[in-house]
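> Please read through the structure below; I'll follow up with questions.
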Amino acid sequence: MAWVRVVVVNYNSGDLLARAVACLAAQSDPDFEAVIVDNASGDGSADRLVLPDDRFTLVRSEANLGFAAGSNLGCRGARTDWLATLNPDAFPEPGWLAALRAAAARYPEAAMFGSLQIDARDPGRLDGCGDNYSFFGINWRGGHGHRVAGPPADGECFSPCGAAALYRREAFEAVGGFDESYFCYCEDVDLGFRLRLRGGRCVQVGDATVRHVGSAVTGPQSPFTVFHSARNRLWTYVKNMPAGLLWLSLPMHLAATAGLLWNARGGPRLRPMLSGLGHALRGLGPVLAERRRVQRNRGVSVRTIARALTWSVTKLRRREADLRGP
């Protein structure tokens, strides 16, 4: 039996999907199974796809489920010890899975692993080196846009970017997988936070490399992206932050949100950001109910969570990576 199931969720990804699947087929570690979930694409990307061999399965959804529900669908029924998510615009190097497998053996206490993401358009720049979460509830992809300074060592980060992540299946299933109400954006940070509340650690693997386009379909600053990011960022904060840290950080969270709105004034991002925040506030009832369940099942101290957060405002402003010794 394969050691990992790789799930690729596709929606109108064009020829990027075929490239991602080809990179998967070329892995030096062939011991995997792959499920491609097509979210009712209308661009023919799934129709044109030729599956390389019987390790690959195509699952067609009748509707666009989004990344969260699409990933859960692809993970459903897996018997592998590990689950990996890979975006259709993320192209793994041949040693990607082998590096993740070796890291899982080196760090048996970790529940999740992140990949080194290189900008596919500019290989001299980082797309990301793990996701970070600030003490006042703002997340960012560490090192995004920074120059590549050489192969980094392994390090612990808050959570992996879902574009190329590895999760222990038992831990993933224990917390219910991705929150499907998110649709997309911040769902990986939310999952990582819930895993941390259960005691799971995240290791960013220095030699597990993918080349990532990033928001190739939705656009990095599109109204769709801005709306979902604003809504889901608030839901993640309210649902997961332990009470002591929530009340301590709330003034800073409100100030940071006000700062984001101020920076968006007069531009196209302001309206979808306000709309996303309004939708988040109207939907707080189910989020607060879920918060009670999540916090009731918390298995680590508030101090443990506090240590996993980033307390440096400078790192957030500069979008720096925040990696600690694994």
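Following the order of the structure tokens, chains are lettered A, B, ..., residues in each are numbered from 1, and ligands are numbered from 1.
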Find the spatial neighbours of Arg168 in chain A, counting only C-alpha atoms, within a cut-off of 12 Å - ignore same-chain residues fewer than 4 positions away - and output them as number ranges by chain.

A: 3-5, 75, 78-85, 100-101, 104-105, 107-113, 172-175, 177, 192, 195, 200-202

> From a DSSP calculation on the backbone, collect every residue of range 195-287 of chain A in strand (DSSP E or B) and output the set as a list in words.

Arg201, Cys202, Val203, Gln204, Val205, Gly206, Asp207, Ala208, Thr209, Val210, Arg211 and His212 of chain A

> Those same residues, written as a compact mmCIF listing (two decimals), in the first residue's frame with C-alpha atoms?


```txt
# COMPACT_ATOMS: atom_id res chain seq x y z
CA ARG A 201 3.68 20.43 15.45
CA CYS A 202 4.58 21.64 11.96
CA VAL A 203 8.02 21.20 10.37
CA GLN A 204 8.99 23.20 7.30
CA VAL A 205 11.17 20.90 5.18
CA GLY A 206 14.09 22.70 3.57
CA ASP A 207 14.63 20.29 0.67
CA ALA A 208 10.98 19.52 -0.22
CA THR A 209 10.72 21.97 -3.12
CA VAL A 210 7.86 23.02 -5.37
CA ARG A 211 7.56 25.86 -7.85
CA HIS A 212 4.31 27.70 -7.25
```

> With only C-alpha atoms as the counted atoms, please give the residues lying no more than 10 Å from Val238 in chain A, apart from itself and same-chain residues fewer than 3 positions off, as a PDB file with N, CA and C atoms, in the first residue's frame.


```pdb
ATOM      1  N   GLY A 137      -3.569  37.728  15.439  1.00  0.00           N
ATOM      2  CA  GLY A 137      -4.538  37.093  14.550  1.00  0.00           C
ATOM      3  C   GLY A 137      -4.422  37.423  13.088  1.00  0.00           C
ATOM      4  N   ASN A 232     -12.420  34.803   6.180  1.00  0.00           N
ATOM      5  CA  ASN A 232     -11.872  33.609   6.813  1.00  0.00           C
ATOM      6  C   ASN A 232     -10.794  33.935   7.838  1.00  0.00           C
ATOM      7  N   ARG A 233     -10.105  35.065   7.653  1.00  0.00           N
ATOM      8  CA  ARG A 233      -9.114  35.483   8.639  1.00  0.00           C
ATOM      9  C   ARG A 233      -9.790  35.744   9.991  1.00  0.00           C
ATOM     10  N   LEU A 234     -10.941  36.428   9.970  1.00  0.00           N
ATOM     11  CA  LEU A 234     -11.654  36.705  11.213  1.00  0.00           C
ATOM     12  C   LEU A 234     -12.199  35.419  11.823  1.00  0.00           C
ATOM     13  N   TRP A 235     -12.765  34.552  11.001  1.00  0.00           N
ATOM     14  CA  TRP A 235     -13.291  33.291  11.526  1.00  0.00           C
ATOM     15  C   TRP A 235     -12.197  32.452  12.175  1.00  0.00           C
ATOM     16  N   MET A 241      -8.303  30.971  18.636  1.00  0.00           N
ATOM     17  CA  MET A 241      -7.438  31.596  19.637  1.00  0.00           C
ATOM     18  C   MET A 241      -7.959  31.302  21.046  1.00  0.00           C
ATOM     19  N   PRO A 242      -7.146  30.682  21.909  1.00  0.00           N
ATOM     20  CA  PRO A 242      -7.590  30.427  23.281  1.00  0.00           C
ATOM     21  C   PRO A 242      -8.012  31.710  23.984  1.00  0.00           C
ATOM     22  N   ALA A 243      -8.939  31.575  24.935  1.00  0.00           N
ATOM     23  CA  ALA A 243      -9.597  32.746  25.520  1.00  0.00           C
ATOM     24  C   ALA A 243      -8.614  33.765  26.083  1.00  0.00           C
ATOM     25  N   LEU A 246      -7.023  35.475  23.305  1.00  0.00           N
ATOM     26  CA  LEU A 246      -8.011  36.225  22.527  1.00  0.00           C
ATOM     27  C   LEU A 246      -8.247  37.602  23.137  1.00  0.00           C
ATOM     28  N   LEU A 250      -7.071  41.048  21.344  1.00  0.00           N
ATOM     29  CA  LEU A 250      -8.198  41.641  20.624  1.00  0.00           C
ATOM     30  C   LEU A 250      -7.970  43.108  20.245  1.00  0.00           C
ATOM     31  N   LEU A 284     -21.040  34.709  12.564  1.00  0.00           N
ATOM     32  CA  LEU A 284     -20.312  34.374  13.788  1.00  0.00           C
ATOM     33  C   LEU A 284     -21.027  33.339  14.656  1.00  0.00           C
ATOM     34  N   VAL A 287     -19.710  29.948  13.960  1.00  0.00           N
ATOM     35  CA  VAL A 287     -18.277  29.959  14.280  1.00  0.00           C
ATOM     36  C   VAL A 287     -18.073  29.880  15.789  1.00  0.00           C
ATOM     37  N   LEU A 288     -18.888  30.610  16.549  1.00  0.00           N
ATOM     38  CA  LEU A 288     -18.772  30.562  18.006  1.00  0.00           C
ATOM     39  C   LEU A 288     -19.166  29.185  18.539  1.00  0.00           C
ATOM     40  N   GLU A 290     -18.719  26.402  16.900  1.00  0.00           N
ATOM     41  CA  GLU A 290     -17.570  25.565  16.580  1.00  0.00           C
ATOM     42  C   GLU A 290     -16.413  25.876  17.512  1.00  0.00           C
ATOM     43  N   ARG A 291     -16.267  27.131  17.907  1.00  0.00           N
ATOM     44  CA  ARG A 291     -15.212  27.510  18.844  1.00  0.00           C
ATOM     45  C   ARG A 291     -15.333  26.718  20.150  1.00  0.00           C
TER      46      ARG A 291
END
```

> Mind the document's chain letters and residue numbers, and return as a VMD selection string the residues of range 262-306 of chain A that DSSP labels helix (DSSP H, G or I).

chain A and resid 262 to 264 270 to 282 284 to 296 302 to 306

> Please produce a file of the residues just selected, as a PDB file, in the first residue's frame, where the atoms kept are C-alpha atoms.


```pdb
ATOM      1  CA  TRP A 262      -7.014  52.149   5.831  1.00  0.00           C
ATOM      2  CA  ASN A 263      -4.398  50.855   3.418  1.00  0.00           C
ATOM      3  CA  ALA A 264      -7.168  49.706   1.051  1.00  0.00           C
ATOM      4  CA  LEU A 270     -11.811  48.130   0.037  1.00  0.00           C
ATOM      5  CA  ARG A 271     -15.314  47.059  -1.001  1.00  0.00           C
ATOM      6  CA  PRO A 272     -14.675  43.278  -1.066  1.00  0.00           C
ATOM      7  CA  MET A 273     -12.734  43.547   2.207  1.00  0.00           C
ATOM      8  CA  LEU A 274     -15.661  45.290   3.905  1.00  0.00           C
ATOM      9  CA  SER A 275     -18.038  42.763   2.376  1.00  0.00           C
ATOM     10  CA  GLY A 276     -15.920  39.876   3.653  1.00  0.00           C
ATOM     11  CA  LEU A 277     -15.784  41.301   7.174  1.00  0.00           C
ATOM     12  CA  GLY A 278     -19.540  41.922   7.136  1.00  0.00           C
ATOM     13  CA  HIS A 279     -20.184  38.363   6.030  1.00  0.00           C
ATOM     14  CA  ALA A 280     -17.837  37.118   8.761  1.00  0.00           C
ATOM     15  CA  LEU A 281     -19.714  39.038  11.460  1.00  0.00           C
ATOM     16  CA  ARG A 282     -23.112  37.826  10.237  1.00  0.00           C
ATOM     17  CA  LEU A 284     -20.312  34.374  13.788  1.00  0.00           C
ATOM     18  CA  GLY A 285     -23.067  32.257  15.341  1.00  0.00           C
ATOM     19  CA  PRO A 286     -21.934  28.923  13.838  1.00  0.00           C
ATOM     20  CA  VAL A 287     -18.277  29.959  14.280  1.00  0.00           C
ATOM     21  CA  LEU A 288     -18.772  30.562  18.006  1.00  0.00           C
ATOM     22  CA  ALA A 289     -20.527  27.200  18.319  1.00  0.00           C
ATOM     23  CA  GLU A 290     -17.570  25.565  16.580  1.00  0.00           C
ATOM     24  CA  ARG A 291     -15.212  27.510  18.844  1.00  0.00           C
ATOM     25  CA  ARG A 292     -16.739  25.845  21.885  1.00  0.00           C
ATOM     26  CA  ARG A 293     -16.096  22.419  20.410  1.00  0.00           C
ATOM     27  CA  VAL A 294     -12.558  23.270  19.297  1.00  0.00           C
ATOM     28  CA  GLN A 295     -11.544  24.775  22.635  1.00  0.00           C
ATOM     29  CA  ARG A 296     -13.157  21.931  24.588  1.00  0.00           C
ATOM     30  CA  VAL A 302      -2.124  28.409  26.377  1.00  0.00           C
ATOM     31  CA  ARG A 303       1.615  28.901  26.867  1.00  0.00           C
ATOM     32  CA  THR A 304       2.345  26.249  24.216  1.00  0.00           C
ATOM     33  CA  ILE A 305       0.133  28.041  21.707  1.00  0.00           C
ATOM     34  CA  ALA A 306       1.660  31.408  22.633  1.00  0.00           C
TER      35      ALA A 306
END
```

> Between A:Asn139, A:Ser181, A:Asn87, A:Ser115, which residue has the minimum interatomic distance to Leu166 in chain A, considering only C-alpha atoms?

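That would be A:Ser115, the residue with the smallest distance to Leu166 in chain A.
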
> Report as number ranges by chain all protein, DNA and RNA residues lying within 7 Å of Leu16 in chain A, evaluated on only C-alpha atoms, omitting residues in the same chain fewer than 3 positions from it.

A: 13, 19-20, 88-89

> Deliver the residues from the most recent selection as a file, using C-alpha atoms, as a short mmCIF file (atom, residue, chain, number, x, y, z; two decimals), in the first residue's frame.


```
data_model
loop_
_atom_site.label_atom_id
_atom_site.label_comp_id
_atom_site.auth_asym_id
_atom_site.auth_seq_id
_atom_site.Cartn_x
_atom_site.Cartn_y
_atom_site.Cartn_z
CA SER A 13 -6.50 25.56 -14.12
CA ARG A 19 2.05 20.07 -15.72
CA ALA A 20 1.44 19.45 -12.01
CA PRO A 88 -2.63 22.48 -9.64
CA ASP A 89 -0.33 25.50 -10.08
#
```

> For CA of Asp47 in chain A and CA of Ala69 in chain A, quote the distance in Å rounded to one decimal.

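Taking CA of Asp47 in chain A as the start and CA of Ala69 in chain A as the end point, the length is 21.2 Å.
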
> Using only C-alpha atoms, which residue out of A:Gly143, A:Gly244, A:Gly14, A:Gly70 lies closest to Gly44 in chain A?

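Closest to Gly44 in chain A, using only C-alpha atoms: A:Gly14.
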
> I want to know what sits within 6 Å of Cys157 in chain A, based on only C-alpha atoms, with residues of the same chain fewer than 2 positions away left out; could you give that as a list in words?

Gly130, Ser159, Cys202 and Leu323 of chain A

> Residues within 12 Å of Ala149 in chain A, please, as a list in words. Count only C-alpha atoms; anything in the same chain fewer than 3 positions from it doesn't count.

Ile118, Pro123, Gly124, Arg125, Leu126, Cys129, Gly143, Gly145, His146, Pro152 and Ala153 of chain A

> How many Å separate CA of Gly267 in chain A from CA of Arg317 in chain A?

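Spanning CA of Gly267 in chain A to CA of Arg317 in chain A is a straight-line distance of 20.1 Å.
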
> To one decimal place in Å, what is the distance between CA of Glu180 in chain A and CA of Thr236 in chain A?

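A separation of 12.7 Å between them.
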